[in-house]
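Colleague: Here you go, data_38.pdb (PDB, C-alpha atoms):
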```
ATOM      1  CA  MET A   1     230.469  11.371 115.056
ATOM      2  CA  LYS A   2     232.381  14.527 115.954
ATOM      3  CA  ASP A   3     233.714  13.001 119.205
ATOM      4  CA  GLN A   4     234.751   9.873 117.320
ATOM      5  CA  ALA A   5     236.577  11.959 114.703
ATOM      6  CA  VAL A   6     238.465  13.831 117.436
ATOM      7  CA  ARG A   7     239.417  10.540 119.057
ATOM      8  CA  VAL A   8     240.731   9.214 115.756
ATOM      9  CA  LEU A   9     242.786  12.394 115.336
ATOM     10  CA  LEU A  10     244.228  11.984 118.822
ATOM     11  CA  LEU A  11     245.127   8.364 118.191
ATOM     12  CA  LEU A  12     246.847   9.385 114.956
ATOM     13  CA  LEU A  13     248.877  11.954 116.885
ATOM     14  CA  LEU A  14     249.884   9.325 119.411
ATOM     15  CA  THR A  15     250.755   6.607 116.923
ATOM     16  CA  ALA A  16     252.559   8.806 114.397
ATOM     17  CA  GLY A  17     256.210   7.920 113.932
ATOM     18  CA  VAL A  18     258.106   9.501 116.792
ATOM     19  CA  ALA A  19     261.602  10.559 115.791
ATOM     20  CA  GLY A  20     262.718  11.471 119.273
ATOM     21  CA  TYR A  21     261.771  14.226 121.647
ATOM     22  CA  GLU A  22     261.298  17.689 120.170
ATOM     23  CA  ARG A  23     263.846  20.194 121.445
ATOM     24  CA  THR A  24     261.868  22.991 119.802
ATOM     25  CA  VAL A  25     258.082  22.955 119.995
ATOM     26  CA  ASP A  26     256.726  24.768 116.939
ATOM     27  CA  LEU A  27     253.207  26.159 116.509
ATOM     28  CA  ARG A  28     251.950  22.956 114.870
ATOM     29  CA  ALA A  29     253.184  20.913 117.827
ATOM     30  CA  ILE A  30     251.607  23.401 120.239
ATOM     31  CA  ASP A  31     248.248  22.944 118.509
ATOM     32  CA  GLU A  32     248.623  19.147 118.826
ATOM     33  CA  ALA A  33     249.489  19.445 122.514
ATOM     34  CA  VAL A  34     246.386  21.591 123.058
ATOM     35  CA  VAL A  35     244.180  18.986 121.342
ATOM     36  CA  LEU A  36     245.624  16.246 123.553
ATOM     37  CA  GLY A  37     245.407  18.255 126.761
ATOM     38  CA  GLN A  38     241.805  19.272 126.169
ATOM     39  CA  SER A  39     240.628  15.797 125.203
ATOM     40  CA  ARG A  40     237.735  14.547 127.313
ATOM     41  CA  ASP A  41     238.797  10.968 126.570
ATOM     42  CA  GLU A  42     240.823   9.952 129.612
ATOM     43  CA  SER A  43     242.048   6.757 127.940
ATOM     44  CA  VAL A  44     243.687   8.774 125.157
ATOM     45  CA  ARG A  45     245.453  11.052 127.618
ATOM     46  CA  ALA A  46     246.531   8.058 129.725
ATOM     47  CA  ARG A  47     247.988   6.458 126.617
ATOM     48  CA  PHE A  48     249.939   9.612 125.852
ATOM     49  CA  HIS A  49     251.393   9.866 129.368
ATOM     50  CA  ARG A  50     252.321   6.173 129.717
ATOM     51  CA  PRO A  51     255.796   6.278 128.070
ATOM     52  CA  TYR A  52     256.788   9.270 130.190
ATOM     53  CA  ARG A  53     256.268   7.489 133.522
ATOM     54  CA  LEU A  54     259.122   5.127 134.300
ATOM     55  CA  GLN A  55     258.268   2.498 136.904
ATOM     56  CA  VAL A  56     261.075   1.905 139.404
ATOM     57  CA  ALA A  57     259.424   0.275 142.452
ATOM     58  CA  ARG A  58     262.698  -0.003 144.359
ATOM     59  CA  PRO A  59     262.128   1.529 147.807
ATOM     60  CA  PRO A  60     262.259   4.357 148.524
ATOM     61  CA  ILE A  61     262.025   5.279 144.802
ATOM     62  CA  ASP A  62     258.605   4.752 143.191
ATOM     63  CA  THR A  63     258.605   6.335 139.737
ATOM     64  CA  VAL A  64     260.395   8.789 137.471
ATOM     65  CA  ASP A  65     258.272  11.118 135.340
ATOM     66  CA  VAL A  66     259.829  12.719 132.272
ATOM     67  CA  VAL A  67     258.677  16.195 131.216
ATOM     68  CA  THR A  68     259.869  17.202 127.761
ATOM     69  CA  PRO A  69     258.987  20.617 126.276
ATOM     70  CA  PHE A  70     256.082  19.062 124.301
ATOM     71  CA  ARG A  71     254.701  17.293 127.365
ATOM     72  CA  ARG A  72     255.170  20.492 129.371
ATOM     73  CA  VAL A  73     252.691  22.247 127.087
ATOM     74  CA  GLU A  74     250.256  19.318 127.197
ATOM     75  CA  LEU A  75     250.390  19.230 131.005
ATOM     76  CA  ALA A  76     249.795  22.989 131.218
ATOM     77  CA  VAL A  77     246.750  22.632 128.942
ATOM     78  CA  GLU A  78     245.455  19.680 130.941
ATOM     79  CA  GLU A  79     245.870  21.505 134.236
ATOM     80  CA  ARG A  80     243.944  24.486 132.867
ATOM     81  CA  ALA A  81     241.179  22.243 131.491
ATOM     82  CA  ARG A  82     240.857  20.506 134.852
ATOM     83  CA  ILE A  83     239.659  23.752 136.438
ATOM     84  CA  GLY A  84     237.251  24.418 133.577
ATOM     85  CA  ASP A  85     239.356  26.829 131.520
ATOM     86  CA  ARG A  86     239.526  25.571 127.949
ATOM     87  CA  LEU A  87     240.734  28.817 126.363
ATOM     88  CA  PHE A  88     244.387  27.877 126.205
ATOM     89  CA  ARG A  89     246.143  30.011 123.576
ATOM     90  CA  GLN A  90     249.413  29.642 121.715
ATOM     91  CA  ARG A  91     250.664  32.632 123.709
ATOM     92  CA  ASP A  92     250.039  30.699 126.933
ATOM     93  CA  ALA A  93     252.019  27.766 125.548
ATOM     94  CA  LEU A  94     254.926  29.976 124.557
ATOM     95  CA  ASP A  95     254.953  31.482 128.058
ATOM     96  CA  ALA A  96     255.022  27.993 129.617
ATOM     97  CA  LEU A  97     257.940  27.023 127.383
ATOM     98  CA  ALA A  98     259.841  30.236 128.028
ATOM     99  CA  ALA A  99     259.639  29.679 131.774
ATOM    100  CA  HIS A 100     261.672  26.465 131.476
ATOM    101  CA  GLY A 101     263.752  27.016 128.377
ATOM    102  CA  ASP A 102     264.978  23.894 126.601
ATOM    103  CA  THR A 103     265.211  21.734 129.719
ATOM    104  CA  ILE A 104     264.001  18.194 130.272
ATOM    105  CA  GLU A 105     262.776  17.683 133.816
ATOM    106  CA  LEU A 106     262.810  14.385 135.705
ATOM    107  CA  PHE A 107     260.394  14.101 138.635
ATOM    108  CA  VAL A 108     261.698  11.356 140.938
ATOM    109  CA  GLU A 109     258.951  10.286 143.341
ATOM    110  CA  ALA A 110     259.958   8.697 146.671
ATOM    111  CA  THR A 111     257.982   7.170 149.529
ATOM    112  CA  PHE A 112     259.691   6.813 152.900
ATOM    113  CA  HIS A 113     259.275   4.137 155.546
ATOM    114  CA  PRO A 114     256.503   5.116 158.013
ATOM    115  CA  GLN A 115     259.016   5.113 160.871
ATOM    116  CA  ASN A 116     261.538   7.335 159.110
ATOM    117  CA  THR A 117     263.293  10.048 161.104
ATOM    118  CA  PHE A 118     263.985  12.386 158.177
ATOM    119  CA  ILE A 119     263.526  16.118 158.704
ATOM    120  CA  GLY A 120     263.663  16.743 154.959
ATOM    121  CA  VAL A 121     264.089  14.940 151.669
ATOM    122  CA  PRO A 122     267.524  13.273 151.702
ATOM    123  CA  ALA A 123     270.183  14.662 149.378
ATOM    124  CA  TYR A 124     269.466  12.256 146.551
ATOM    125  CA  GLN A 125     271.483  12.925 143.394
ATOM    126  CA  VAL A 126     270.030  12.262 139.940
ATOM    127  CA  THR A 127     272.280  11.791 136.912
ATOM    128  CA  LEU A 128     271.954  10.352 133.418
ATOM    129  CA  ALA A 129     274.363   7.560 132.494
ATOM    130  CA  VAL A 130     275.140   6.589 128.905
ATOM    131  CA  PRO A 131     274.738   2.793 128.659
ATOM    132  CA  GLY A 132     278.008   1.040 127.914
ATOM    133  CA  ALA A 133     280.099   4.144 128.473
ATOM    134  CA  ALA A 134     281.658   5.813 131.502
ATOM    135  CA  VAL A 135     279.744   9.022 130.851
ATOM    136  CA  ARG A 136     277.534  10.791 133.383
ATOM    137  CA  ILE A 137     275.433  13.862 132.607
ATOM    138  CA  GLU A 138     274.802  16.105 135.582
ATOM    139  CA  PRO A 139     271.587  18.114 135.932
ATOM    140  CA  ARG A 140     271.535  21.866 135.471
ATOM    141  CA  ALA A 141     269.560  22.199 138.700
ATOM    142  CA  GLU A 142     267.942  19.990 141.311
ATOM    143  CA  ARG A 143     265.113  20.640 143.778
ATOM    144  CA  HIS A 144     263.913  18.512 146.689
ATOM    145  CA  VAL A 145     260.218  18.932 147.524
ATOM    146  CA  PRO A 146     258.919  17.212 150.690
ATOM    147  CA  ARG A 147     255.530  15.518 151.017
ATOM    148  CA  PHE A 148     253.709  15.356 154.332
ATOM    149  CA  GLY A 149     250.868  12.941 154.980
ATOM    150  CA  PRO A 150     249.373  10.677 152.322
ATOM    151  CA  ARG A 151     249.907  11.193 148.607
ATOM    152  CA  VAL A 152     246.854  13.027 147.286
ATOM    153  CA  LEU A 153     246.981  11.837 143.679
ATOM    154  CA  THR A 154     247.493   8.204 142.764
ATOM    155  CA  GLY A 155     247.128   6.059 139.676
ATOM    156  CA  PRO A 156     248.105   6.530 136.046
ATOM    157  CA  MET A 157     246.643  10.028 135.777
ATOM    158  CA  ALA A 158     248.536  11.444 138.775
ATOM    159  CA  LEU A 159     250.470  14.072 136.886
ATOM    160  CA  PRO A 160     253.838  15.430 138.007
ATOM    161  CA  TYR A 161     253.463  19.017 136.878
ATOM    162  CA  PRO A 162     252.803  21.620 138.111
ATOM    163  CA  LEU A 163     253.892  20.478 141.582
ATOM    164  CA  THR A 164     252.529  22.220 144.676
ATOM    165  CA  PRO A 165     254.612  21.510 147.803
ATOM    166  CA  SER A 166     252.636  20.129 150.726
ATOM    167  CA  LEU A 167     252.988  21.758 154.125
ATOM    168  CA  PRO A 168     253.064  19.971 157.496
ATOM    169  CA  SER A 169     249.931  20.358 159.588
ATOM    170  CA  GLY A 170     251.792  19.725 162.827
ATOM    171  CA  SER A 171     250.930  16.046 163.025
ATOM    172  CA  ASP A 172     251.573  14.794 159.501
ATOM    173  CA  PRO A 173     254.875  12.924 159.184
ATOM    174  CA  LEU A 174     257.290  13.351 156.309
ATOM    175  CA  SER A 175     255.961  10.548 154.137
ATOM    176  CA  GLY A 176     257.924  11.112 150.938
ATOM    177  CA  GLY A 177     259.085  13.677 148.456
ATOM    178  CA  THR A 178     259.943  14.565 144.892
ATOM    179  CA  VAL A 179     263.371  15.305 143.464
ATOM    180  CA  ILE A 180     263.129  17.497 140.362
ATOM    181  CA  ALA A 181     266.248  17.296 138.199
ATOM    182  CA  SER A 182     266.510  19.658 135.210
ATOM    183  CA  PHE A 183     268.793  18.682 132.312
ATOM    184  CA  ASP A 184     269.979  20.755 129.353
ATOM    185  CA  GLY A 185     268.053  19.452 126.353
ATOM    186  CA  PRO A 186     270.763  20.284 123.771
ATOM    187  CA  ARG A 187     273.230  18.059 125.661
ATOM    188  CA  LEU A 188     271.026  15.010 125.117
ATOM    189  CA  ASP A 189     270.580  12.839 122.033
ATOM    190  CA  ALA A 190     266.944  13.309 120.955
ATOM    191  CA  ARG A 191     266.784   9.597 120.055
ATOM    192  CA  GLY A 192     269.127   8.416 122.769
ATOM    193  CA  ALA A 193     268.713   5.994 125.653
ATOM    194  CA  TYR A 194     270.032   6.805 129.109
ATOM    195  CA  ASP A 195     269.980   5.251 132.557
ATOM    196  CA  VAL A 196     268.431   7.490 135.182
ATOM    197  CA  VAL A 197     270.607   6.861 138.229
ATOM    198  CA  ILE A 198     269.462   7.889 141.720
ATOM    199  CA  GLU A 199     272.162   7.913 144.395
ATOM    200  CA  GLU A 200     272.661   8.986 147.986
ATOM    201  CA  SER A 201     276.196   9.788 149.146
ATOM    202  CA  GLY A 202     277.638   7.800 146.250
ATOM    203  CA  LYS A 203     275.472   4.715 146.904
ATOM    204  CA  GLU A 204     273.152   3.745 144.057
ATOM    205  CA  LEU A 205     269.522   3.483 145.184
ATOM    206  CA  ALA A 206     267.832   2.831 141.844
ATOM    207  CA  ARG A 207     268.363   2.866 138.096
ATOM    208  CA  VAL A 208     265.824   2.888 135.252
ATOM    209  CA  ARG A 209     266.149   3.168 131.473
ATOM    210  CA  LEU A 210     264.967   6.345 129.744
ATOM    211  CA  ASP A 211     264.352   6.093 125.984
ATOM    212  CA  LEU A 212     263.905   9.515 124.424
ATOM    213  CA  ALA A 213     263.203   8.012 120.982
ATOM    214  CA  GLY A 214     259.681   7.080 122.125
ATOM    215  CA  MET A 215     258.812  10.545 123.419
ATOM    216  CA  ARG A 216     258.018  13.935 121.944
TER     217      ARG A 216
END
```
How does the structure come out when it is put into structure tokens?

Modeller:
Amino acid sequence: MKDQAVRVLLLLLLTAGVAGYERTVDLRAIDEAVVLGQSRDESVRARFHRPYRLQVARPPIDTVDVVTPFRRVELAVEERARIGDRLFRQRDALDALAAHGDTIELFVEATFHPQNTFIGVPAYQVTLAVPGAAVRIEPRAERHVPRFGPRVLTGPMALPYPLTPSLPSGSDPLSGGTVIASFDGPRLDARGAYDVVIEESGKELARVRLDLAGMR
């Protein structure tokens, strides 16, 4: 009965009216993120993560993962629980938030052709476009993280954060990479919709809609 009650609570948290992503994560929200991250019900956690993973499937771009401040706490809790540490405190959450400030991070996952000749992740640029307007929002910062050999994590529970760069073994080819674009949260409409645009040298490679109104 206790496990069922916890599951009901989690479902209520997930289905509660979302008024847009939370720029400021208060202590109540931290407690909710801890409950979600420590849940042993994988289906509940998968349901939470689903809106944050944007499917692109336009080679070489696979997906775009959105990490809001609330999801950043949940991911930190989940990562800690995965190694058996379930003593995540509010202080730990505040430290995780302080490390990134009020940014929203986009993790753009790419897979390259097996016969590629890249020596590093190409200089892909990630911007946010306002639909119906000639407005582009540039990221505060952008990182390009290479991946050598096969992708280790696959499926709906392959989480984007924290990201540990892979290192070449000497024989592993550059198989893909992740572009991490950090945007200033206060510049974005908490209930707004944007097009995530991925370009290379001014040529558009992919575009996918991001709806912040359905996220926390």

Colleague: Can you tell me how far CA of Ala29 (chain A) sits from CA of Phe70 (chain A), in Å to one decimal?

Modeller: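 For CA of Ala29 (chain A) relative to CA of Phe70 (chain A), the distance reads 7.3 Å.
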
Colleague: Which residues, named as in the file, does the PyMOL selection byres ((chain A and resi 64) around 10) pick out? Answer as an MDAnalysis selection string.

Modeller: chainID A and resid 52:57 61:63 65:67 105:110 160 178:180 196 207:208 210

Colleague: Could you name the residues that touch Asp172 (chain A) at 10 Å or less, counting all atoms listed in the file, but leaving out those on the same chain fewer than 5 positions away, as JSON, numbers by chain?

Modeller: {"A": [147, 148, 149, 150, 167]}

Colleague: Please expand the PyMOL selection byres ((chain A and resi 33) around 10) into the concrete residues it hits in this file, giving the result as a VMD selection string.

Modeller: chain A and resid 10 13 25 27 to 32 34 to 39 70 to 78 93

Colleague: Would you mind telling me which residue in A:Ala133, A:Val145, A:Ala99, A:Ile198 lies nearest to Gly176 (chain A) when using all atoms listed in the file?

Modeller: A:Val145

Colleague: If the PyMOL selection byres ((chain A and resi 103) around 12) is run on the structure shown, which residues does it catch, given as an mmCIF file with C-alpha atoms, in the coordinates of the input?

Modeller:
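Resulting contents of expr-v9.cif:
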```cif
data_model
loop_
_atom_site.group_PDB
_atom_site.id
_atom_site.type_symbol
_atom_site.label_atom_id
_atom_site.label_comp_id
_atom_site.auth_asym_id
_atom_site.auth_seq_id
_atom_site.Cartn_x
_atom_site.Cartn_y
_atom_site.Cartn_z
ATOM 1 C CA TYR A 21 261.771 14.226 121.647
ATOM 2 C CA GLU A 22 261.298 17.689 120.170
ATOM 3 C CA ARG A 23 263.846 20.194 121.445
ATOM 4 C CA THR A 24 261.868 22.991 119.802
ATOM 5 C CA VAL A 66 259.829 12.719 132.272
ATOM 6 C CA VAL A 67 258.677 16.195 131.216
ATOM 7 C CA THR A 68 259.869 17.202 127.761
ATOM 8 C CA PRO A 69 258.987 20.617 126.276
ATOM 9 C CA PHE A 70 256.082 19.062 124.301
ATOM 10 C CA ARG A 71 254.701 17.293 127.365
ATOM 11 C CA ARG A 72 255.170 20.492 129.371
ATOM 12 C CA ALA A 96 255.022 27.993 129.617
ATOM 13 C CA LEU A 97 257.940 27.023 127.383
ATOM 14 C CA ALA A 98 259.841 30.236 128.028
ATOM 15 C CA ALA A 99 259.639 29.679 131.774
ATOM 16 C CA HIS A 100 261.672 26.465 131.476
ATOM 17 C CA GLY A 101 263.752 27.016 128.377
ATOM 18 C CA ASP A 102 264.978 23.894 126.601
ATOM 19 C CA ILE A 104 264.001 18.194 130.272
ATOM 20 C CA GLU A 105 262.776 17.683 133.816
ATOM 21 C CA LEU A 106 262.810 14.385 135.705
ATOM 22 C CA PRO A 139 271.587 18.114 135.932
ATOM 23 C CA ARG A 140 271.535 21.866 135.471
ATOM 24 C CA ALA A 141 269.560 22.199 138.700
ATOM 25 C CA ILE A 180 263.129 17.497 140.362
ATOM 26 C CA ALA A 181 266.248 17.296 138.199
ATOM 27 C CA SER A 182 266.510 19.658 135.210
ATOM 28 C CA PHE A 183 268.793 18.682 132.312
ATOM 29 C CA ASP A 184 269.979 20.755 129.353
ATOM 30 C CA GLY A 185 268.053 19.452 126.353
ATOM 31 C CA PRO A 186 270.763 20.284 123.771
ATOM 32 C CA ARG A 187 273.230 18.059 125.661
ATOM 33 C CA LEU A 188 271.026 15.010 125.117
#
```

Colleague: In Å, rounded to a single decimal, give me how far CA of Leu128 (chain A) is from CA of Ala206 (chain A).

Modeller: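 Computing it gives 12.0 Å between the two atoms.
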
Colleague: Which neighbours of Ile119 (chain A) fall inside 10 Å, counting only C-alpha atoms, when residues of the same chain fewer than 3 positions from it are skipped, and could you give them as a count of residues only?

Modeller: 5

Colleague: May I ask which of the residues A:Gly132, A:Arg47, A:Glu79, A:Ser175 is the closest one to Gln115 (chain A), counting all atoms listed in the file?

Modeller: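 That would be A:Ser175, the residue with the smallest distance to Gln115 (chain A).
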
Colleague: How far is it from CA of Pro131 (chain A) to CA of Asp195 (chain A), in Å with one decimal?

Modeller: 6.6 Å

Colleague: Which residues come within 9 Å of Tyr124 (chain A), counting all atoms listed in the file, excluding same-chain residues fewer than 5 positions away, as a compact mmCIF listing (two decimals) with C-alpha atoms, in the frame of the given file?

Modeller:
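Output file part-v9.txt follows:
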```txt
# COMPACT_ATOMS: atom_id res chain seq x y z
CA HIS A 144 263.91 18.51 146.69
CA VAL A 179 263.37 15.30 143.46
CA ILE A 198 269.46 7.89 141.72
CA GLU A 199 272.16 7.91 144.40
CA GLU A 200 272.66 8.99 147.99
CA SER A 201 276.20 9.79 149.15
CA LEU A 205 269.52 3.48 145.18
```

Colleague: Emit as lines of an AutoDock Vina configuration file the padded axis-aligned box for all listed atoms of region 128-134 of chain A, 5 Å per side, with centre and edge lengths in Å to one decimal.

Modeller:
```
center_x = 276.8
center_y = 5.7
center_z = 130.7
size_x = 19.7
size_y = 19.3
size_z = 15.5
```

Colleague: Between A:Arg216, A:Ile137, A:Thr117, A:Ala129, which one has atoms that come closest to Tyr194 (chain A), using only C-alpha atoms?

Modeller: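 Answer, going by the shortest atom-to-atom distance: A:Ala129.
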
Colleague: Can you work out which one of A:Ile83, A:Ala213, A:Ala46, A:Val197 has the shortest atom-to-atom distance to Gln125 (chain A), counting only C-alpha atoms?

Modeller: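 Nearest to Gln125 (chain A): A:Val197.
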
Colleague: From the options A:Pro60, A:Asp26, A:His49, A:Leu87, which residue's atoms come nearest to Pro114 (chain A), counting only C-alpha atoms?

Modeller: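 When distances to Pro114 (chain A) are compared using only C-alpha atoms, the smallest one comes from A:Pro60.
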